[in-house]
Amino acid sequence: MVFDEQLLSSHGVTAEEYARIVDALGREPSLAELGIFSVMWSEHCSYKSSRVHLKTLPTTGRRVLQGPGENAGAVDVGDGLAAVFKIESHNHPSFIEPYQGAATGVGGIIRDIFTMGARPIALLNSLRFGSLREPVVRRTFTGVVAGIAGYGNSIGIPTVGGEIGFDESYAGNPLVNVFCLGIARGDEIIRAAATGVGNPVYYVGAKTGRDGIHGATMASAEFDETSSEKRPAVQVGDPFMEKLLLEACLEAMRTDALVGIQDMGAAGLTSSTCEMGWRGRAGIEIDVALVPQRETGMTPYEIMLSESQERMLLVVKKGREREIEQIFEKWDLHAVQIGEVTDDARLRVKADGVVVADIPNEALTDGAPVYRRPMQAPAYLDGVRHLAFEALSAGAPGEVFRALLASPGVASRRWVYRQYDHMVRTNTVVVPGMGAGVVRIKGTVRALALSVDCNARFVYLDPFAGAQLAVAEASRNVACAGGEPVGATNCLNFGNPERPEIMWQFAQAVAGIGAACRALDLPITGGNVSLYNETDGQAVLPTPVLGVVGVVEDAAKVVRRAFQAEGDAVLLLGTSRAELGGSEYLKTVHGLVRGVPPVLDLAAEAALQRLLVAAAAQGLVRSAHDCAEGGVAVTLAECCFDTGLGADVDLPPAELPAAGFEVVGTLFGESASRVLVSTAPSSREALLDAARAAGVPAAVIGRVGGSRIRLAVAGVVVIDEALDDAQRLWDGALERELEPASATP
Amino acid sequence: MRARVYVTLKPSVFDPQGTTVADALHTLGYASVKDVRQGKFFELDIDAASVGDVRRIAQEVADKLLSNPVIESYRIDVESGVQGQAGEGSR
Amino acid sequence: MRARVYVTLKPSVFDPQGTTVADALHTLGYASVKDVRQGKFFELDIDAASVGDVRRIAQEVADKLLSNPVIESYRIDVESGVQGQAGEGSR
Amino acid sequence: MKVAVIVFPGSNCEHDAEFVVREVLGQEAELVWHKDTSLHGADVVLLPGGFAHGDYLRTGAIARFSPVMREVERFARAGAPVIGICNGFQVLLEAGLLPGAMLRNRSLKYQCEQVHVKVEATDTPFTLACSPGQVIRIPIAHGEGNYYAEPDVVDDLERKRQVVFRYCAADGSVSDASNPNGSVHNIAGICSEGRNVVGLMPHPERACELALGSADGLVLFESVLRAVAESSRVAR
Ligand SMILES: Nc1ncnc2c1ncn2[C@@H]1O[C@H](COP(=O)(O)OP(=O)(O)O)[C@@H](O)[C@H]1O
Ligand SMILES: [Mg+2]
């Protein structure tokens with residue numbers, strides 16, 4: 001072995017993997033080659049621990065135009081158009097430098113979308129942080145939000161939705177998942193394949209610096225107290241450059257002079273060259289001396305591993321170079337030829353003509369190691385599932401209600417989304433903070449409803465059930481808006497897969513996602529896996545975030561969550577079971593994450609979602625809002641807030657979980673597959689008929705009106721709050737946590 | 001007394017703002033401007049007995065709030081006729 | 001040679017950033033920091049024969065592009081041992 | 001009517017403006033690249049929102065040097081209608097076509113939200129279809145919309161009735177509570193002395209269809225359509 005153990009371990013390469021490298025090359029690797037292997041075989045790029053599990057996900061369907069394997073997935077949304085979308089994590093960079101980490105995360109996912117030939121039209125994000133009581137967490141939180149805003153606003157793509165969760169487990173390892181969706185003509189989707197021997201390979205975008213070297217490897221190892229020393233130069237986002245790239249690339253794609261294109265994301269020049277070659281069953285040869293460089297004295301190793309942002313790799317038809325170069329020049333960008341397509345299926349890297357790396361593409365891509373890591377159910381599950389109600393006191397409903405409205409997990413996200421431009425491009429039909437984000441598709445009568453969701457407490461308590469619940473929730477949110485769920489993407493955030501308990505959580509969650517997606521006929525078209533989300537051996541709650549896209553056939557019929565008119569009937573769809581396991585109630589009032597998550601009947605869920613889509617299309621509902629954190633009580637309050645219409649409802653008591661908990665169980669229990677809808681009195685019977693026909697339990701529980709939120713259980717009023725007061729609590733809670741000085745009480 | 005804290009991106013960190021300003025200057029015909037880097041500075045009016053105290057407070061504040069040690073370094077000048085001493089912020 | 005252009009808001013213009021920093025410092029217990037104003041600066045690498053030329057170019061560039069005379073003033077330092085001279089930008 | 005929508009590198013609302021002119025108003029719109037030296041016979045020039053040159057130096061600071069700005073200046077000096085929206089307003093300020101400058105919002109944050117704006121002057125090409133004092137609900141989306149000018153300049157603006165839009169409450173009352181960003185005198189938009197150049201921070205082009213929550217911004221486009229029609233009738 002020419003490399004010592006120390007060097008291998010600093011590259012995250014095991015002795016066994018090193019032997020495989022030697023085997024693949026038929027010789028010892030050069031340092032540059034070792035670097036290339038190390039990033040391509042990192043967890044982040046190779047999916048070596050997750051691949052066997054991901055293979056079990058359903059990825060096909062009537063509308064799927066592109067499943068996993070490209071930079072993003074694509075589904076047919078009618079009129080010959082494709083929705084191209086994906087979600088990506090930027091957890092580790094966001095911990096090191098919240099603003100830039102989050103900003104470059106946004107930049108990365110946008111590139112994945114326009115690389116496919118789609119114009120990005122919407123962003124969402126899913127965030128997790130520790131407790132806002134901690135100053136460090138507040139700084140991370142504000143930095144991440146500012147970074148997402150800074151990048152998305154500048155490039156002019158609206159952020160139309162997202163979700164934020166809090167749990168102490170994320171204190172040292174926040175999660176920053178970003179979702180982007182773009183629109184392309186279905187027959188014009190561009191693939192990232194290099195073909196045509198002799199075709200020139202171009203580099204365009206920002207110059208290469210030493211930033212982010214080993215970013216992919218870093219995202220493949222857990223944090224410990226020495227991580228801050230190992231920090232690579234932090235990547236700084238340049239949204240202006242990306243905007244130019246976006247416009248220039250879309251323009252170049254409209255010519256037929258472009259053969260293939262890929263962004264340089266994780267593992268930069270390395271992954272883009274070998275992956276494009278591999279997909280095209282061709283080779284790529286480049287000379288790093290031709291790569292535009294920002295710093296002097298960069299080695300081939302550094303150039304190949306740099307993760308400088310805002311760079312693209314293009315394969316152009318030979319003879320058509322000028323056309324492409326001119327398009328980039330118009331945008332003040334310089335497309336530089338750095339190599340060409342070869343016929344030998346290898347990645348060959350030269351430095352001033354001298355070969356420094358020469359590797360079969362297969363060894364770097366499909367030939368990367370695949371691990372079936374050992375799994376074992378975690379010991380914590382035994383204890384944590386038992387909920388000892390005897391030791392708790394239920395609390396006064398009114399007080400619990402107010403505490404929940406002001407808890408960071410429930411409170412209004414306005415402080416956050418006000419910082420995001422959510423209206424640019426003039427497509428946003430439903431703005432953030434109102435359930436699923438909805439964007440219309442210009443040139444058609446359709447709209448897309450988008451949601452990202454995961455209740456990680458449920459996943460922690462039961463990874464299989466919790467992941468199913470995440471699928472159901474994201475899909476249900478889309479259905480509430482009147483969107484037929486047509487495709488999903490997922491971002492799987494877990495701890496260290498080398499620990500059997502984590503691997504078990506992961507496998508269970510993937511199985512849960514698969515089962516739910518099959519039952520709901522929802523193909524997964526791509527996603528991302530982020531492992532090693534731990535600090536000092538403490539893993540984050542397992543957090544498989546689901547992003548679901550739904551098609552609303554008539555944008556004029558989009559349903560919002562807010563009550564619309566005085567006198568409308570309030571109905572609860574679905575079955576309430578007084579399930580408090582993993583609830584916001586337990587967390588906020590008792591500081592507990594315990595119990596079993598709500599039961600999910602996938603057939604009932606599917607029926608509910610079909611009913612919602614049909615009722616929206618027929619104009620039978622005036623508002624619809626999914627019951628999630630905080631149960632019916634919080635859901636009802638949220639329906640009242642936007643339009644300032646109060647409500648008066650009476651809930652039948654749910655079956656008792658334990659004596660004394662009937663009322664809080666009914667109000668704040670988080671049973672799945674429930675939606676609060678309102679309907680005009682004239683449509684009430686038709687809606688009830690439709691529900692009956694669909695086999696969805698539906699009950700009229702009250703009416704819209706007045707200026708109070710009044711909730712009764714079995715005829716006894718238990719919550720009676722002035723709407724204004726409730727709204728003030730809910731509206732200002734985040735601001736009070738984040739800016740105690742300037743917040744008005 | 002007045003202290004000035006000058007915060008710059010570390011040399012290895014990409015400075016898109018400076019790059020954009022440099023590009024603009026080239027377009028305007030200032031070819032002789034080879035490179036631009038952008039930073040920020042803070043003028044602090046500090047009530048303290050000695051130059052040493054002022055410097056100590058400025059340094060603490062720079063470490064804690066004014067600079068981001070992950071990507072930035074800083075330099076402090078205390079206005080007192082004495083020329084400030086350059087140095088990377090460190091903790 | 002290197003020129004530095006320091007741009008600040010004019011004293012008559014309210015500086016929300018500086019005020020926010022000052023408030024934050026007071027919350028952190030730095031009562032001795034009486035006032036904070038924030039500015040930005042540019043390090044220009046200029047290829048010119050003399051310190052005078054460098055200063056002239058820096059001044060032109062500051063007037064034309066780097067500062068907005070409605071709200072800002074600037075000061076230039078040329079790195080050559082010579083201490084920079086303060087002055088308001090004007091066009 | 002033909003509207004030239006100027007596209008700077010980093011503009012991002014050009015398609016939104018173009019969409020309103022073409023699809024909502026049924027008029028002609030042409031995107032004009034910032035390096036262009038002609039306005040292609042347009043009747044109206046619109047500088048859209050966005051982040052020209054990333055807003056990296058100061059908003060609008062670099063864009064004002066774009067070749068097309070010489071044409072825009074000539075067009076404006078000739079008395080033809082020019083409107084700058086958000087970043088476009090900032091470019092007009094930097095170019096000296098309108099007085100004043102922008103500071104960061106007093107919240108120090110980007111703010112995207114619906115606000116109310118009172119139309120204070122109806123004798124500009126972009127407000128002549130408004131009723132005096134009309135309150136419109138349109139969104140803002142900016143981090144640096146805190147309008148500032150020296151006190152004597154502000155007095156001058158007020159005296160010459162160059163304040164065209166002012167942030168207000170839903171009932172039209174103007175107070176600090178209805179000022180989203182700290183602008184002096186709640187100024188949301190102003191016009192030139194000649195009244196043909198108008199700049200405003202809010203985005204009327206985002207409020208031209210009820211499907212998007214408000215159609216209150218359409219009146220600006222209808223105004224200029226009428227202004228153009230009247231001036232061509234006069235010309236004939
Ligand atoms: N959780 C997942 N579910 C489905 N597909 C996934 C998942 N994670 C990754 N994939 C797919 O695997 C492929 C490899 O991802 P890739 O684009 O190389 O990674 P990245 O862009 O995250 O660096 C992509 O097509 C991606 O959609
Ligand atoms: Mg990718």
# chains A, B, ... in the order shown; residues from 1 in each chain; ligands from 1
>>> residues_near_ligand(ligand="ligand 2", cutoff="6 Å", atoms="only C-alpha atoms and all ligand atoms", output="PyMOL selection string")
chain A and resi 71+112+265
>>> interface_residues(of="chain B", to="chain A", cutoff="9 Å", atoms="only C-alpha atoms", output="ChimeraX atom specification")
/B:12-17,68,70-71
>>> write_last_selection(atoms="N, CA and C atoms", output="tab-separated table (two decimals), in the first residue's frame")
chain	number	residue	atom	x	y	z
B	12	SER	N	-9.07	32.77	1.58
B	12	SER	CA	-9.47	31.57	0.84
B	12	SER	C	-10.96	31.56	0.51
B	13	VAL	N	-11.70	32.47	1.12
B	13	VAL	CA	-13.15	32.45	0.92
B	13	VAL	C	-13.53	33.32	-0.27
B	14	PHE	N	-14.39	32.80	-1.09
B	14	PHE	CA	-14.83	33.47	-2.30
B	14	PHE	C	-15.62	34.72	-1.96
B	15	ASP	N	-15.34	35.80	-2.66
B	15	ASP	CA	-16.00	37.07	-2.41
B	15	ASP	C	-16.76	37.51	-3.67
B	16	PRO	N	-17.99	37.02	-3.82
B	16	PRO	CA	-18.72	37.34	-5.06
B	16	PRO	C	-18.96	38.84	-5.22
B	17	GLN	N	-19.10	39.54	-4.11
B	17	GLN	CA	-19.37	40.98	-4.21
B	17	GLN	C	-18.18	41.70	-4.80
B	68	ASN	N	-17.66	36.73	11.84
B	68	ASN	CA	-18.00	35.31	11.81
B	68	ASN	C	-16.70	34.55	11.59
B	70	VAL	N	-15.81	31.73	11.11
B	70	VAL	CA	-15.74	30.64	10.12
B	70	VAL	C	-15.26	31.16	8.77
B	71	ILE	N	-15.69	32.35	8.42
B	71	ILE	CA	-15.32	32.85	7.10
B	71	ILE	C	-14.60	34.20	7.12
>>> interface_residues(of="chain A", to="chain D", cutoff="9 Å", atoms="only C-alpha atoms", output="mmCIF file with C-alpha atoms, in the first residue's frame")
data_model
loop_
_atom_site.group_PDB
_atom_site.id
_atom_site.type_symbol
_atom_site.label_atom_id
_atom_site.label_comp_id
_atom_site.auth_asym_id
_atom_site.auth_seq_id
_atom_site.Cartn_x
_atom_site.Cartn_y
_atom_site.Cartn_z
ATOM 1 C CA ALA A 146 -31.640 34.548 6.024
ATOM 2 C CA ALA A 149 -34.044 34.135 1.647
ATOM 3 C CA GLY A 150 -30.826 35.673 0.405
ATOM 4 C CA ASN A 153 -35.038 36.051 -3.363
ATOM 5 C CA SER A 154 -32.110 37.160 -5.425
ATOM 6 C CA ILE A 155 -32.468 34.522 -8.082
ATOM 7 C CA GLY A 156 -36.187 35.194 -8.291
ATOM 8 C CA ILE A 157 -37.759 31.859 -7.445
ATOM 9 C CA ASP A 238 -23.307 33.677 -5.516
ATOM 10 C CA PRO A 239 -26.970 33.867 -6.494
ATOM 11 C CA PHE A 240 -26.205 36.471 -9.124
ATOM 12 C CA MET A 241 -23.873 34.075 -10.906
ATOM 13 C CA LYS A 243 -29.143 33.578 -12.097
ATOM 14 C CA LEU A 244 -26.924 34.206 -15.095
ATOM 15 C CA TRP A 331 -24.770 36.625 -20.208
ATOM 16 C CA ASP A 332 -21.180 37.665 -19.442
ATOM 17 C CA TYR A 417 -41.754 33.404 5.278
ATOM 18 C CA ARG A 418 -42.065 37.159 5.324
ATOM 19 C CA GLN A 419 -38.351 37.074 4.571
ATOM 20 C CA TYR A 420 -38.899 34.901 1.513
ATOM 21 C CA ASP A 421 -40.094 36.393 -1.718
ATOM 22 C CA HIS A 422 -43.080 34.130 -2.172
ATOM 23 C CA MET A 423 -44.784 36.005 -4.984
ATOM 24 C CA VAL A 424 -42.153 36.592 -7.657
ATOM 25 C CA ARG A 425 -43.040 35.038 -11.036
ATOM 26 C CA THR A 426 -46.710 35.851 -10.284
ATOM 27 C CA ASN A 427 -47.852 32.264 -10.006
ATOM 28 C CA THR A 428 -48.430 31.948 -6.291
ATOM 29 C CA VAL A 429 -52.091 31.205 -5.738
ATOM 30 C CA VAL A 430 -51.698 30.091 -2.125
ATOM 31 C CA ALA A 555 -56.601 26.723 -10.646
ATOM 32 C CA ALA A 556 -59.778 28.691 -9.968
#
>>> select_by_dssp(residues="segment 36-241 of chain A", states="strand (DSSP E or B)", output="PyMOL selection string")
chain A and resi 64-66+68+70+73-76+81-89+119-129+159-166+175-185+200-205+208+223
>>> residues_near_ligand(ligand="ligand 1", cutoff="6 Å", atoms="only C-alpha atoms and all ligand atoms", output="number ranges by chain")
A: 45, 54, 68-72, 266, 490-492, 526-529
>>> write_last_selection(atoms="N, CA, C and O atoms", output="mmCIF file, in the first residue's frame")
data_model
loop_
_atom_site.group_PDB
_atom_site.id
_atom_site.type_symbol
_atom_site.label_atom_id
_atom_site.label_comp_id
_atom_site.auth_asym_id
_atom_site.auth_seq_id
_atom_site.Cartn_x
_atom_site.Cartn_y
_atom_site.Cartn_z
ATOM 1 N N CYS A 45 -22.334 10.438 -1.991
ATOM 2 C CA CYS A 45 -22.408 10.257 -3.441
ATOM 3 C C CYS A 45 -22.774 8.837 -3.844
ATOM 4 O O CYS A 45 -23.378 8.621 -4.887
ATOM 5 N N LEU A 54 -33.296 1.725 -0.821
ATOM 6 C CA LEU A 54 -33.983 2.637 -1.747
ATOM 7 C C LEU A 54 -34.568 1.882 -2.939
ATOM 8 O O LEU A 54 -35.598 2.270 -3.485
ATOM 9 N N PRO A 68 -35.875 8.051 -10.337
ATOM 10 C CA PRO A 68 -34.557 8.310 -9.755
ATOM 11 C C PRO A 68 -33.429 7.947 -10.723
ATOM 12 O O PRO A 68 -33.596 7.081 -11.564
ATOM 13 N N GLY A 69 -32.319 8.617 -10.585
ATOM 14 C CA GLY A 69 -31.165 8.313 -11.428
ATOM 15 C C GLY A 69 -30.655 9.530 -12.177
ATOM 16 O O GLY A 69 -29.487 9.597 -12.553
ATOM 17 N N GLU A 70 -31.537 10.497 -12.400
ATOM 18 C CA GLU A 70 -31.076 11.738 -13.022
ATOM 19 C C GLU A 70 -30.955 12.795 -11.921
ATOM 20 O O GLU A 70 -31.114 12.512 -10.743
ATOM 21 N N ASN A 71 -30.694 14.030 -12.329
ATOM 22 C CA ASN A 71 -30.540 15.081 -11.329
ATOM 23 C C ASN A 71 -31.838 15.379 -10.591
ATOM 24 O O ASN A 71 -31.825 15.898 -9.491
ATOM 25 N N ALA A 72 -32.973 15.081 -11.230
ATOM 26 C CA ALA A 72 -34.262 15.277 -10.588
ATOM 27 C C ALA A 72 -35.264 14.359 -11.258
ATOM 28 O O ALA A 72 -35.025 13.866 -12.365
ATOM 29 N N ALA A 266 -22.162 18.095 -5.194
ATOM 30 C CA ALA A 266 -21.245 17.375 -4.329
ATOM 31 C C ALA A 266 -20.192 16.691 -5.195
ATOM 32 O O ALA A 266 -20.492 16.162 -6.253
ATOM 33 N N ASN A 490 -38.200 12.406 -1.601
ATOM 34 C CA ASN A 490 -37.976 12.279 -0.158
ATOM 35 C C ASN A 490 -36.535 12.571 0.211
ATOM 36 O O ASN A 490 -35.613 12.358 -0.563
ATOM 37 N N CYS A 491 -36.372 13.090 1.403
ATOM 38 C CA CYS A 491 -35.037 13.386 1.916
ATOM 39 C C CYS A 491 -34.921 12.684 3.261
ATOM 40 O O CYS A 491 -35.622 13.019 4.214
ATOM 41 N N LEU A 492 -34.051 11.704 3.307
ATOM 42 C CA LEU A 492 -33.981 10.823 4.475
ATOM 43 C C LEU A 492 -32.834 11.252 5.379
ATOM 44 O O LEU A 492 -31.670 11.008 5.070
ATOM 45 N N GLY A 526 -37.431 10.457 -6.913
ATOM 46 C CA GLY A 526 -36.064 10.838 -6.590
ATOM 47 C C GLY A 526 -35.988 11.275 -5.154
ATOM 48 O O GLY A 526 -36.984 11.232 -4.429
ATOM 49 N N GLY A 527 -34.809 11.677 -4.768
ATOM 50 C CA GLY A 527 -34.673 12.110 -3.390
ATOM 51 C C GLY A 527 -33.227 12.219 -3.007
ATOM 52 O O GLY A 527 -32.347 12.370 -3.852
ATOM 53 N N ASN A 528 -33.016 12.153 -1.724
ATOM 54 C CA ASN A 528 -31.686 12.389 -1.202
ATOM 55 C C ASN A 528 -31.582 11.700 0.149
ATOM 56 O O ASN A 528 -32.568 11.563 0.858
ATOM 57 N N VAL A 529 -30.379 11.244 0.458
ATOM 58 C CA VAL A 529 -30.166 10.603 1.754
ATOM 59 C C VAL A 529 -29.081 11.371 2.494
ATOM 60 O O VAL A 529 -28.026 11.656 1.932
#
>>> residues_around(residues="segment 97-102 of chain D", least_positions_apart="3", cutoff="7 Å", atoms="only C-alpha atoms", output="PyMOL selection string")
(chain C and resi 70-71) or (chain D and resi 90+92-93+144-149+191-192)
>>> residues_around(residues="segment 29-44 of chain B", least_positions_apart="5", cutoff="8 Å", atoms="only C-alpha atoms", output="ChimeraX atom specification")
/B:2-9,15,17-19,21-22,58 /C:18,33-48
>>> select_by_dssp(residues="chain B", states="helix (DSSP H, G or I)", output="list of chain:residue names")
B:Pro16, B:Gln17, B:Gly18, B:Thr19, B:Thr20, B:Val21, B:Ala22, B:Asp23, B:Ala24, B:Leu25, B:His26, B:Thr27, B:Val51, B:Gly52, B:Asp53, B:Val54, B:Arg55, B:Arg56, B:Ile57, B:Ala58, B:Gln59, B:Glu60, B:Val61, B:Ala62, B:Asp63, B:Lys64, B:Leu65, B:Leu66
>>> residues_around(residues="segment 644-652 of chain A", least_positions_apart="4", cutoff="6 Å", atoms="only C-alpha atoms", output="PyMOL selection string")
chain A and resi 640+701-714
>>> closest_residue(among="D:Leu57, D:Val163, D:Ala229, D:Ala169", to="chain C", atoms="only C-alpha atoms")
D:Leu57
>>> closest_residue(among="C:Lys10, C:Glu60, C:Arg75, C:Leu65", to="Phe65 of chain D", atoms="only C-alpha atoms")
C:Leu65
